[in-house]
Every structure is written in C-alpha cells, then in structure tokens.
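Colleague: Okay, handing you the structure first.
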Amino acid sequence: MRFGILSTAKIGREDVIPGIQQSEHEVLAIASRDADRAASVAADLDVPRSYGSYEALLGDEDLDAVYVPLPNALHAEWTRKAADAGLHILCEKPLTADAESAAQLHDYCADRGVTLMEAFMYRFHPRTERAAEIVHEKFEGVHAVDATFKFALRDRPGDIRLDPDLAGGSVMDVGCYAISAARLFLGEPDRVYARTRDSRNCGVETDMAGLLEYDDATARIASGFDTPAVQTYRVEAENGWLEVEDAFDVGTDREATIEYELDGRRVTERFDPVDQYQREVEHFAESVQSGRQPRIDREETVANMAVIDAVYESAEQSEPVTLDYMN
C-alpha cells in the first residue's frame with residue numbers, strides 16, 4: 001500500500017512514517033502548506049515525493065491511502081476530501097470533535113467505498129492484546145479500572161493542544177486513551193461524572209478527573225498537561241488485579257511488562273520491543289485489502305467519542321451525565 005502523509009506533524013515524522021517504512025508498505029508522498037518544509041522532511045525521511053499543499057497530494061493518482069495527523073478540528077474536513085479522492089484513511093485520534101461528527105464521517109467514507117480507521121496505536125501492542133485477554137478470559141467479577149495519561153506540556157506559542165479553535169485540551173490529546181482503556185476492560189458506561197480545570201487560562205481543559213459508572217463497576221479516568229509523565233491502568237477483579245505502566249506510548253526499543261495477580265499467584269509477563277505504529281499500519285492495510293472492518297471501527301470510535309462528549313458535558317454542568325449512544 002502506498003501512503004501519502006497530510007502534514008509534517010511530529011507524530012508522523014517520528015512514529016508513523018518510520019512504522020510504515022518498517023512494514024511492507026511505502027510512504028510515497030508527504031505534504032505541507034510550506035513546499036520547502038515538505039521537501040526538507042521528505043529528503044530527511046527518504047520519502048520520494050513532496051507537495052506544497054494537501055490538495056496536490058490528494059491528486060497524486062499513485063496513492064492508495066493517506067495518514068492524517070492534522071490538528072483535531074481539521075480531521076473531518078481532510079478525511080472527507082481524501083475519501084472524495086478515493087483514498088483510504090488512517091486518521092489520528094480523536095477522529096472528530098464529537099460523536100455525531102464521527103458517525104457522520106464514517107458514513108461518508110462508507111458511502112464512497114473507502115476504509116476509515118482512527119489511529120489508537122496502543123490497541124495494537126501485544127501487551128494490550130494480552131491484557132485484554134487476561135481480563136476477559138481469566139478474571140471474575142471485574143469491578144474497577146483506573147486509567148491515567150498525564151504529562152508536563154511546556155508552554156509554546158501556537159501549540160495546537162492549547163487552542164480551543166482546534167479542539168485542543170488534555171481530554172482530546174491524552175484523556176481519550178484513558179477512556180479507551182476503561183472501555184476496553186469494562187465496556188460502555190451508563191453514566192459519567194467529570195471535573196476539569198484550565199490552569200493556563202487558555203480556553204481548554206489542562207486537567208481532567210472523571211468517573212465512569214456501570215451497574216456493577218466503576219472506572220476512574222484522568223488526563224492532564226501539568227504533571228510529570230504518568231500513563232498507567234489498573235484493573236481489579238474478585239480473583240485478582242492487573243497493572244500496566246507506560247501503558248500507551250511505548251518506545252520501539254523498550255521492553256514492556258504486565259504485572260498481575262490471579263487466584264493468589266503473582267505474575268510478571270514481559271514483551272520484546274515492538275513498533276506498535278507498524279502493527280497499527282499493518283492492521284489497517286490488511287483491513288483494506290481483505291475488505292474487513294478494522295479493529296477501531298465505526299462503533300468503537302463513536303462509542304469512545306460519546307464518553308468524551310459526556311465528560312465535557314458533565315464538567316460544564318457539574319453533574320453526572322447519562323450516556324446516550326448513537327447508532
């Protein structure tokens with residue numbers, strides 16, 4: 001599969017492009033609104049073609065798919081344009097700014113016969129797959145999850161993560177991972193209660209703490225830009241518990257571990273270094289080629305976004321919000 005990259009964003013340069021290049025697929029082109037910037041990045045990363053506009057890249061008839069790491073508020077616009085060009089789309093999370101837009105965007109792509117997948121790379125790490133297997137197949141009476149993703153974001157002029165017009169904020173940037181993990185282990189919550197704060201007076205939440213409520217379980221979720229890096233999840237059950245550190249953003253050169261206790265037996269499982277971005281790309285390409293729905297499909301994306309919507313609504317109203325899932 002031949003990919004085009006819409007923008008020279010850091011995650012594309014440092015993570016996704018190398019992941020594609022480690023696979024059997026190819027990065028054929030990259031685009032920027034600055035032609036010189038596109039050409040420079042293309043030369044640095046051995047990408048054959050560069051374009052000075054996103055429209056020009058979408059007109060390249062040799063492409064099969066695009067990867068979209070643009071600011072959150074631009075995902076829907078450029079995903080639609082890529083679909084109009086007949087290209088399959090791997091789009092950075094969050095796919096859109098709300099659940100309704102996510103559902104509409106998936107329907108738009110389906111109508112044009114192209115595959116759309118939201119890029120939650122951690123779901124493709126063997127450790128995540130194993131953690132889900134342990135929880136769903138070995139644990140009994142799972143009743144609590146704690147999931148947190150925080151880091152210290154330095155103030156930089158123009159940082160898109162602090163821009164309300166670009167759908168910034170800690171929930172959209174990293175809280176979406178904590179929500180995804182809670183849902184991976186517990187499914188869809190009935191109610192959400194959340195509080196947020198804007199410590200920098202920038203118009204977006206820099207810190208969030210939330211509670212997802214189920215009939216017989218709860219999940220605590222947290223995200224933030226004002227704390228030294230922490231990314232963890234813990235699952236508790238009647239017959240054991242499971243913990244994962246460095247849970248979401250795992251370097252390609254780092255071993256990963258799971259710690260858990262099951263029926264009184266303490267276990268540590270270790271995983272060799274792996275490129276989860278490469279595995280994400282390979283899954284996406286396989287889904288396109290086979291015609292099967294990807295792991296992160298319409299239902300998964302819309303459900304995760306529905307919880308994000310509820311987090312914001314609850315924080316604004318200072319009261320719990322009952323989930324209303326979209327079809």
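Going through the structure tokens in order, the chains are called A, B, and so on, while each chain numbers its residues from 1 and the ligands are numbered from 1 in the order shown.
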DSSP on the backbone, then: every residue of region 39-287 of chain A marked helix (DSSP H, G or I), written as a PyMOL selection string.
Modeller: chain A and resi 39-44+54-58+72-84+99-111+121-124+126-137+160-162+164-166+170-186+276-287
Colleague: Residues at most 6 Å from Leu166 (chain A), counting only C-alpha atoms, excluding those fewer than 3 positions away in the same chain, as a PyMOL selection string?
Modeller: chain A and resi 72-73+163
Colleague: Need to verify the contact set: Asp173 (chain A), 8 Å, only C-alpha atoms, exclusion of same-chain residues closer than 4 positions in sequence. Can you return it as an mmCIF file with N, CA, C and O atoms, in the first residue's frame?
Modeller:
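Below is the file out-v7.cif, written as the result:
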```cif
data_model
loop_
_atom_site.group_PDB
_atom_site.id
_atom_site.type_symbol
_atom_site.label_atom_id
_atom_site.label_comp_id
_atom_site.auth_asym_id
_atom_site.auth_seq_id
_atom_site.Cartn_x
_atom_site.Cartn_y
_atom_site.Cartn_z
ATOM 1 N N LYS A 93 -6.164 10.085 16.263
ATOM 2 C CA LYS A 93 -7.215 10.282 17.256
ATOM 3 C C LYS A 93 -7.129 11.713 17.785
ATOM 4 O O LYS A 93 -6.062 12.331 17.716
ATOM 5 N N PRO A 94 -8.227 12.269 18.289
ATOM 6 C CA PRO A 94 -9.582 11.786 18.104
ATOM 7 C C PRO A 94 -10.041 12.066 16.680
ATOM 8 O O PRO A 94 -9.655 13.068 16.077
ATOM 9 N N ARG A 161 -2.497 21.991 21.023
ATOM 10 C CA ARG A 161 -3.151 21.301 22.140
ATOM 11 C C ARG A 161 -3.745 22.273 23.154
ATOM 12 O O ARG A 161 -4.527 21.873 24.013
ATOM 13 N N GLY A 168 -8.461 21.484 21.016
ATOM 14 C CA GLY A 168 -7.384 21.090 21.907
ATOM 15 C C GLY A 168 -7.897 20.670 23.274
ATOM 16 O O GLY A 168 -9.098 20.527 23.494
ATOM 17 N N GLY A 169 -6.969 20.472 24.196
ATOM 18 C CA GLY A 169 -7.314 20.075 25.549
ATOM 19 C C GLY A 169 -6.739 18.718 25.905
ATOM 20 O O GLY A 169 -6.449 17.897 25.035
#
```
Colleague: Please report, as a list of chain:residue names, each residue of region 29-85 of chain A to which DSSP assigns strand (DSSP E) when run on this structure's backbone.
Modeller: A:Ala29, A:Ile30, A:Ala31, A:Arg49, A:Ser50, A:Tyr51, A:Ala65, A:Val66, A:Tyr67, A:Val68
Colleague: Hey, what's within 7 Å of region 97-109 of chain A if we count only C-alpha atoms and toss same-chain stuff fewer than 4 positions away? As number ranges by chain, please?
Modeller: A: 72-73, 76, 83, 113-116, 167, 298, 302, 305-306, 309
Colleague: Expressed in Å to a single decimal, how great is the separation between CA of Met1 (chain A) and CA of Gly52 (chain A)?
Modeller: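 Going from CA of Met1 (chain A) over to CA of Gly52 (chain A), I get 22.5 Å.
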Colleague: Considering only C-alpha atoms, state which residue in the set A:Val66, A:Asp165, A:Asp216, A:Phe139 is at the smallest distance from Gly264 (chain A).
Modeller: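 Nearest candidate to Gly264 (chain A) out of A:Val66, A:Asp165, A:Asp216, A:Phe139: A:Phe139.
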Colleague: List as a VMD selection string the protein and nucleic acid residues near region 184-199 of chain A, meaning an atom at most 9 Å away when only C-alpha atoms are counted, but skip any in the same chain fewer than 4 places from it.
Modeller: chain A and resid 131 to 132 135 to 136 142 to 145 179 to 180 203 to 215 217 to 219 221 226 235 303 to 304 307 310 to 316 318 to 324
Colleague: Could you check the closest approach to Tyr54 (chain A) for each of A:Val267, A:Leu70, A:Ala147, A:Ile11 and tell me which residue wins, using only C-alpha atoms?
Modeller: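 Going through A:Val267, A:Leu70, A:Ala147, A:Ile11 one by one, the smallest distance to Tyr54 (chain A) is for A:Leu70.
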Colleague: Report, in Å with one decimal, the straight-line distance from CA of Asp263 (chain A) to CA of Glu133 (chain A).
Modeller: 15.9 Å
Colleague: Nearest residue to Glu14 (chain A) out of A:Tyr277, A:Gly291, A:Phe149, A:Ala38, using only C-alpha atoms?
Modeller: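 Of the candidates, the smallest distance to Glu14 (chain A) is held by A:Tyr277.
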Colleague: Pick from A:Ser223, A:Ala82, A:Cys202, A:Cys91: nearest to Phe151 (chain A), with only C-alpha atoms counted?
Modeller: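 Closest to Phe151 (chain A) of all the choices is A:Ser223.
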Colleague: Quick check, in Å to one decimal: how far apart do CA of Glu300 (chain A) and CA of Glu129 (chain A) lie?
Modeller: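 Between CA of Glu300 (chain A) and CA of Glu129 (chain A) the gap works out to 15.7 Å.
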Colleague: Using only C-alpha atoms, which residues sit within 9 Å of region 2-8 of chain A once same-chain residues fewer than 4 positions away are excluded, as a JSON list (two decimals) with N, CA and C atoms, in the first residue's frame?
Modeller:
```
[["chain", "number", "residue", "atom", "x", "y", "z"],
["A", 12, "GLY", "N", 3.84, 12.06, 12.87],
["A", 12, "GLY", "CA", 4.07, 11.44, 11.58],
["A", 12, "GLY", "C", 5.55, 11.24, 11.31],
["A", 13, "ARG", "N", 6.34, 12.28, 11.53],
["A", 13, "ARG", "CA", 7.78, 12.22, 11.25],
["A", 13, "ARG", "C", 8.48, 11.17, 12.12],
["A", 17, "ILE", "N", 5.51, 7.46, 10.08],
["A", 17, "ILE", "CA", 6.29, 7.25, 8.86],
["A", 17, "ILE", "C", 7.33, 6.15, 9.07],
["A", 20, "ILE", "N", 5.48, 2.82, 9.00],
["A", 20, "ILE", "CA", 5.13, 2.38, 7.64],
["A", 20, "ILE", "C", 6.36, 1.85, 6.93],
["A", 25, "HIS", "N", 4.82, -1.83, 3.42],
["A", 25, "HIS", "CA", 4.14, -0.75, 2.72],
["A", 25, "HIS", "C", 5.08, 0.44, 2.53],
["A", 26, "GLU", "N", 4.62, 1.47, 1.84],
["A", 26, "GLU", "CA", 5.51, 2.54, 1.39],
["A", 26, "GLU", "C", 4.91, 3.91, 1.67],
["A", 27, "VAL", "N", 5.77, 4.84, 2.12],
["A", 27, "VAL", "CA", 5.39, 6.25, 2.17],
["A", 27, "VAL", "C", 5.85, 6.86, 0.86],
["A", 28, "LEU", "N", 4.90, 7.19, 0.01],
["A", 28, "LEU", "CA", 5.23, 7.70, -1.32],
["A", 28, "LEU", "C", 5.33, 9.21, -1.35],
["A", 29, "ALA", "N", 4.54, 9.89, -0.50],
["A", 29, "ALA", "CA", 4.49, 11.35, -0.58],
["A", 29, "ALA", "C", 4.13, 11.97, 0.75],
["A", 30, "ILE", "N", 4.56, 13.22, 0.92],
["A", 30, "ILE", "CA", 4.21, 14.00, 2.11],
["A", 30, "ILE", "C", 3.89, 15.42, 1.67],
["A", 31, "ALA", "N", 2.96, 16.05, 2.37],
["A", 31, "ALA", "CA", 2.53, 17.40, 2.01],
["A", 31, "ALA", "C", 2.59, 18.32, 3.21],
["A", 32, "SER", "N", 2.83, 19.58, 2.92],
["A", 32, "SER", "CA", 2.77, 20.65, 3.91],
["A", 32, "SER", "C", 2.22, 21.89, 3.22],
["A", 33, "ARG", "N", 1.73, 22.83, 4.00],
["A", 33, "ARG", "CA", 1.33, 24.10, 3.40],
["A", 33, "ARG", "C", 2.55, 24.92, 3.00],
["A", 37, "ARG", "N", 9.24, 23.18, 3.43],
["A", 37, "ARG", "CA", 9.17, 22.31, 4.60],
["A", 37, "ARG", "C", 8.88, 20.87, 4.18],
["A", 38, "ALA", "N", 7.93, 20.69, 3.28],
["A", 38, "ALA", "CA", 7.60, 19.35, 2.79],
["A", 38, "ALA", "C", 8.80, 18.70, 2.12],
["A", 41, "VAL", "N", 11.49, 17.68, 4.83],
["A", 41, "VAL", "CA", 11.12, 16.49, 5.59],
["A", 41, "VAL", "C", 11.17, 15.25, 4.69],
["A", 53, "SER", "N", 0.94, 21.59, -0.92],
["A", 53, "SER", "CA", -0.45, 21.74, -0.47],
["A", 53, "SER", "C", -1.03, 20.35, -0.27],
["A", 54, "TYR", "N", -2.03, 20.26, 0.60],
["A", 54, "TYR", "CA", -2.69, 18.98, 0.83],
["A", 54, "TYR", "C", -3.51, 18.57, -0.40],
["A", 57, "LEU", "N", -1.34, 16.74, -2.93],
["A", 57, "LEU", "CA", -1.07, 15.34, -2.56],
["A", 57, "LEU", "C", -2.27, 14.46, -2.87],
["A", 58, "LEU", "N", -3.47, 14.93, -2.56],
["A", 58, "LEU", "CA", -4.67, 14.12, -2.80],
["A", 58, "LEU", "C", -4.90, 13.88, -4.28],
["A", 60, "ASP", "N", -2.49, 12.97, -6.30],
["A", 60, "ASP", "CA", -1.49, 12.00, -6.75],
["A", 60, "ASP", "C", -2.18, 10.66, -6.99],
["A", 62, "ASP", "N", -1.08, 7.85, -7.78],
["A", 62, "ASP", "CA", -0.35, 6.64, -7.40],
["A", 62, "ASP", "C", -0.59, 6.25, -5.94],
["A", 63, "LEU", "N", -1.29, 7.08, -5.19],
["A", 63, "LEU", "CA", -1.53, 6.79, -3.78],
["A", 63, "LEU", "C", -2.70, 5.85, -3.58],
["A", 64, "ASP", "N", -2.62, 5.05, -2.54],
["A", 64, "ASP", "CA", -3.72, 4.17, -2.13],
["A", 64, "ASP", "C", -4.42, 4.67, -0.88],
["A", 65, "ALA", "N", -3.67, 5.35, 0.01],
["A", 65, "ALA", "CA", -4.20, 5.74, 1.31],
["A", 65, "ALA", "C", -3.46, 6.97, 1.81],
["A", 66, "VAL", "N", -4.07, 7.63, 2.79],
["A", 66, "VAL", "CA", -3.41, 8.75, 3.45],
["A", 66, "VAL", "C", -3.44, 8.54, 4.95],
["A", 67, "TYR", "N", -2.45, 9.12, 5.61],
["A", 67, "TYR", "CA", -2.43, 9.22, 7.06],
["A", 67, "TYR", "C", -2.62, 10.70, 7.39],
["A", 68, "VAL", "N", -3.55, 10.99, 8.32],
["A", 68, "VAL", "CA", -3.93, 12.37, 8.62],
["A", 68, "VAL", "C", -3.58, 12.70, 10.07],
["A", 69, "PRO", "N", -2.46, 13.41, 10.31],
["A", 69, "PRO", "CA", -2.11, 13.84, 11.66],
["A", 69, "PRO", "C", -2.28, 15.35, 11.86],
["A", 70, "LEU", "N", -3.25, 15.92, 11.17],
["A", 70, "LEU", "CA", -3.54, 17.35, 11.28],
["A", 70, "LEU", "C", -4.15, 17.67, 12.65],
["A", 78, "TRP", "N", -10.44, 17.06, 6.06],
["A", 78, "TRP", "CA", -9.47, 16.45, 5.16],
["A", 78, "TRP", "C", -9.70, 14.96, 4.98]]
```
Colleague: Residues at most 10 Å from Pro294 (chain A), counting only C-alpha atoms, excluding those fewer than 4 positions away in the same chain, as a ChimeraX atom specification?
Modeller: /A:115-118,280,283-288,290,298,300
